[in-house]
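Here the structure is laid out as structure tokens; the discussion comes afterwards.
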Amino acid sequence: MSPSDAAARAAAADPQEPGYAIAASASQIEAMPRTLKHDETFAVFDAHGDAVPGLASNHGLFHRDTRHLSQFFLTIDGVRPLLLGSTVRDDNATLSCDLTNPDLPARNGEGELAHDLIHLRRSRFLFRGACHECLSVRNFDGETRTFEIGLFFDADFVDLFEVRGSHRAKRGRMAAPVVGESHVVLSYRGLDEHTRTTRLAFAPRPSVLRADRALYRLTLKPGEGFVIFAEIRCDGAEPERDARQAFRLGLKDIRADMRIRTARSAGVSSSNDHFNEGLRRAVSDLNVLITDLPEGPYPYAGVPWFSTVFGRDAIITAFETLWLTPSLARGVLLHLAANQATTFDPEADAEPGKILHEVRFGEMAELGEVPFRRYYGSIDSTPLFVMLAGAYVERTGDVETVRMLWPAIEAALGWMREHGDRDGDGFIEYVRRRGDGLVNQGWKDSHDSIFHADGRLAKGPIALVEVQGYAYAAWNAAAAIARVLGAPEAAETYAARARDLRAAFDAAFFDPALGTYVLALDGDKAPCRVRTSNAGHALFSGIALPERAEAVAATLMNSSSFSGWGVRTLAAGEARFNPMSYHNGSVWPHDNAVVALGLARYGFRAEAARIFEGLFRASVYFDLRRIPELFCGFARQRNRGPVGYPVACAPQAWAAAAPLALLQASLGLSFDVAERRAVFERPMLPAFLDTLTLTGLSVADGHIDVKVERVKASAALSVIDRQGDVGIRVES
């Protein structure tokens, strides 16, 4: 079987959308990936710091959805060094890898070189479209040693969707490499007539430089060291300084950049060191995924597969972090408003007023080989957009921003009325317009994620349970914003639509025999009677009637749904349940955070705390304390960690933000801007936290520091510092 055949079979076996599957021929978990990101550039290396060529390997340096470096690995005397250890700094600014020589045979008139005598340290970071590396080599032997350090490289310029497993009948052409004294330029002319270039520069000048390698022949005395600098620039632009200067100045800049991003949000610390470590990593993951766009900060979805603008992902991430960093929600809202659809475009699933789903910049997107160049194929981004706008003004009192957003909000509401509701029954439904667009357009967008109790896939147009909740919350949010902007008649119209939708939703979606809400209504309005985590989103949005909440909570938290680590996407025992499935039995941290916020909203704080505890215990087992996009839904067992998912993104924005949302759920935290108070409704802390301190929490135009102490099933709060006339209110 050829490599291409193997990749094709792996893609076909993947439960995600056929044609856009992420080939699972290599496990992220086995590879111990080390990821870096800055703005439009990201990189995936192994623990050695190498990009190792291999079948469907996702290693390399990527810029705007194209792999600019497919191979980059280090040798000593022609063999791979031994790994001592590697880590990404807590702030995600740099990757550090410590390596040493294996046993090496005699050469150059010298005797054999025993292992662990030559130390190599690789320090690497990304900044403004370039990867910078400092390789420090030191001889710890008692005698002079001569050896060769090799850096081997290549650039295949494949599109990200090719890396994910898509296959192309035809590609562009590679240009002849340009080799100078200390630099190499590799270029590719795509079928889109765009030239993509990678420029590698080295300092000091290598002993040998070819189109695929830089070799340094070193002779080091006992204790002597040698330092090599490399710069890999994705846009091919001529650098203003040599690789040595670029590294030193860039390192200073990237660390300053990370400090500025951290300063945007409030601080959180606790009595649990493990939790503190995980939270630092989570906040750093968020910071590294945030890209500063013209409208403001925007969280890209995740590395490696989704390092770009996604509407739904960013909105959910903004919800999860709104209490901590409201400026992120503002950036998300303004960018999505600026890119809202204004015309009909079936090729992009676009309709006037619809909010963006995904943007891509690679060759395949430019040529239309994939539909995602500017794609609007999500059914939930539009109501979520309005919902977030309402939550943002409630959190901040920033009337001017929502006034600026109001035309986009009205356009989104118009889409919900005229295009989202395809048959006039009051529910929001989807069906793809483009033949190769996404079949399912909710957050569970795998081709097999929406089905009936007997396992039959649902046929569209499909009305998802969570989307009706988002629509309900959107109409209520629009009503609240209209009141703030002095439009009481519009406010009452929107509030009436919300009331009507809630009544119709309860009648159509709640299933007493099932004990929860059905997953969806298909094109014939037949209910998909399966137990899923989607029902928890109905609690989050507030569409669930209070008398339904207890049954929904009980279903979500029984052993078929709650694995011990978190709520599964699909309950065990359902027709398509598979704990290793992408959407039919796995555990998604962001999904659990949304469910927990919903449970807390209806007073089920103990259940929300169980979810918090489960996800925290799971996080301790993950590499670098980094919470991945998802993990398998196997039941929690004593003295065993959770089972990873092989191609999960890490870092992933809405997964990184999940602990922050879970904290908010535990604290019952909201804001009364008019009274200039942070409100804590029946606050509690999970059992693994005795104390919690929030610093720099913004309230109106002031800030407060709050200490929370666990007291049995409740919590005691105190203000330890404040700036401005602000305070807290505790409600029991």
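Naming scheme: A, B, ... for chains in displayed order of the structure tokens; residues 1 onward per chain; ligands 1 onward as shown.
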
### Query
Near Ala463 (chain A), counting only C-alpha atoms, which residues have an atom at most 9 Å away, once you skip same-chain residues fewer than 3 positions from it, shown as a ChimeraX atom specification?
/A:427-430,460,466-468,519-523,525

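The two atoms in question, CA of Ile76 (chain A) and CA of Asn101 (chain A), are spaced 6.9 Å apart.
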
### Task
Might you pull out every residue within 12 Å of Ala203 (chain A), with only C-alpha atoms counted and same-chain residues fewer than 3 positions away left off, and present them as a list of chain:residue names?
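Selected residues are A:His132, A:Glu133, A:Cys134, A:Leu135, A:Glu181, A:Ser182, A:His183, A:Leu200, A:Pro206, A:Ser207, A:Leu209, A:Ala214, A:Leu215, A:Tyr216, A:Phe226, A:Val227, A:Ile228, A:Phe229, A:Ala230, A:Glu231, A:Arg241, A:Asp242, A:Ala243, A:Arg244, A:Gln245, A:Ala246, A:Phe247.
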
### Task
With a distance cut-off of 9 Å and only C-alpha atoms, select the neighbouring residues of Phe62 (chain A), excluding the residue or stretch itself and same-chain residues fewer than 6 positions from it, and output the selection as a list of chain:residue names.
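Answer for this query is A:Glu40, A:Thr41, A:Phe42, A:Ala43, A:Val44, A:His68, A:Leu69, A:Ser70, A:Phe157, A:Leu160, A:Cys234, A:Pro304.
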
Any chance you could export the current selection's N, CA and C atoms as an mmCIF file, in the first residue's frame?
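Saved the output as result_11.cif:
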```cif
data_model
loop_
_atom_site.group_PDB
_atom_site.id
_atom_site.type_symbol
_atom_site.label_atom_id
_atom_site.label_comp_id
_atom_site.auth_asym_id
_atom_site.auth_seq_id
_atom_site.Cartn_x
_atom_site.Cartn_y
_atom_site.Cartn_z
ATOM 1 N N GLU A 40 -0.160 35.075 12.451
ATOM 2 C CA GLU A 40 -0.593 34.203 11.357
ATOM 3 C C GLU A 40 0.320 32.995 11.149
ATOM 4 N N THR A 41 1.263 32.783 12.046
ATOM 5 C CA THR A 41 2.256 31.718 11.881
ATOM 6 C C THR A 41 2.176 30.753 13.056
ATOM 7 N N PHE A 42 2.264 29.447 12.768
ATOM 8 C CA PHE A 42 2.375 28.473 13.849
ATOM 9 C C PHE A 42 3.326 27.363 13.416
ATOM 10 N N ALA A 43 3.779 26.604 14.395
ATOM 11 C CA ALA A 43 4.725 25.527 14.124
ATOM 12 C C ALA A 43 4.420 24.350 15.021
ATOM 13 N N VAL A 44 4.662 23.156 14.492
ATOM 14 C CA VAL A 44 4.534 21.920 15.258
ATOM 15 C C VAL A 44 5.840 21.147 15.107
ATOM 16 N N HIS A 68 5.492 26.149 5.210
ATOM 17 C CA HIS A 68 6.703 26.778 4.668
ATOM 18 C C HIS A 68 7.977 26.030 5.049
ATOM 19 N N LEU A 69 7.869 25.100 5.955
ATOM 20 C CA LEU A 69 9.025 24.285 6.337
ATOM 21 C C LEU A 69 8.482 22.919 6.719
ATOM 22 N N SER A 70 8.780 21.920 5.906
ATOM 23 C CA SER A 70 8.250 20.583 6.139
ATOM 24 C C SER A 70 9.255 19.681 6.830
ATOM 25 N N PHE A 157 5.666 23.312 0.800
ATOM 26 C CA PHE A 157 4.654 24.314 0.475
ATOM 27 C C PHE A 157 3.281 23.690 0.230
ATOM 28 N N LEU A 160 -2.566 23.413 4.033
ATOM 29 C CA LEU A 160 -2.926 22.783 5.304
ATOM 30 C C LEU A 160 -3.927 21.653 5.107
ATOM 31 N N CYS A 234 8.996 33.218 6.667
ATOM 32 C CA CYS A 234 7.992 32.643 5.784
ATOM 33 C C CYS A 234 7.627 33.513 4.594
ATOM 34 N N PRO A 304 -2.989 22.382 15.545
ATOM 35 C CA PRO A 304 -2.562 22.891 14.240
ATOM 36 C C PRO A 304 -3.685 23.106 13.229
#
```

### Task
Choose the residue, out of A:Tyr645, A:Tyr300, A:Tyr494, A:Phe361, that has the smallest atom-to-atom separation from Arg373 (chain A); count only C-alpha atoms.
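Selected residue with least distance to Arg373 (chain A): A:Phe361.
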
### Query
Taking the backbone alone, and naming residues the way the document does, which bits of region 394-490 of chain A are helix (DSSP H, G or I) by DSSP, as a ChimeraX atom specification?
/A:394-396,399-420,465-484,488-490

### Message
Using only C-alpha atoms, which protein or nucleic acid residues come within 7 Å of Val184 (chain A)? Drop anything in the same chain fewer than 4 positions from it, and give the result as a VMD selection string.
### Response
chain A and resid 177 to 180 199 to 201 211

### Task
Give me the residues within 12 Å of Ala176 (chain A) as a VMD selection string, counting only C-alpha atoms and dropping any in the same chain fewer than 5 places off.
chain A and resid 184 to 189 197 211 to 212

### All strand (DSSP E or B) positions in region 503-729 of chain A, as a ChimeraX atom specification
/A:510-511,516-517,520-521,527-528,532,562,567-568,570,587,631,644,652,669-672,677-681,691-699,702-711,714-723,727-729

### Message
Give me, as a PyMOL selection string, all polymer residues having an atom no more than 9 Å from region 552-568 of chain A, counting only C-alpha atoms and skipping those fewer than 2 positions away in the same chain.
### Response
chain A and resi 514-517+531-533+535-536+539+548-550+570-573+579+583-589+591-592+595+599+604+607+610-618+632-637+642

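Nearest to Glu143 (chain A) of all the residues A:Ile409, A:Leu328, A:Val208, A:Leu113 is A:Leu113, counting only C-alpha atoms.
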
### Message
For a test of reading the model, state the distance in Å between CA of Ser57 (chain A) and CA of Asp313 (chain A), rounded to one decimal.
### Response
25.1 Å

Report the closest atom pair, with its distance in Å rounded to one decimal, for each residue of region 580-609 of chain A that has an atom no farther than 7 Å from region 664-687 of chain A; count only C-alpha atoms, sort by chain and then rising residue number, and write it as a Markdown table.
```
| residue | atom | partner | partner_atom | distance |
| --- | --- | --- | --- | --- |
| A:Ala596 | CA | A:Ala665 | CA | 6.4 |
| A:Leu597 | CA | A:Ala665 | CA | 5.0 |
| A:Ala600 | CA | A:Ala665 | CA | 5.6 |
| A:Arg605 | CA | A:Ser666 | CA | 6.5 |
| A:Ala608 | CA | A:Ala665 | CA | 6.9 |
| A:Ala609 | CA | A:Pro686 | CA | 5.6 |
```

### Task
Could you check which of A:Asn58, A:Thr317, A:Ser446, A:Ser166 is closest to Glu369 (chain A), using only C-alpha atoms?
A:Ser166
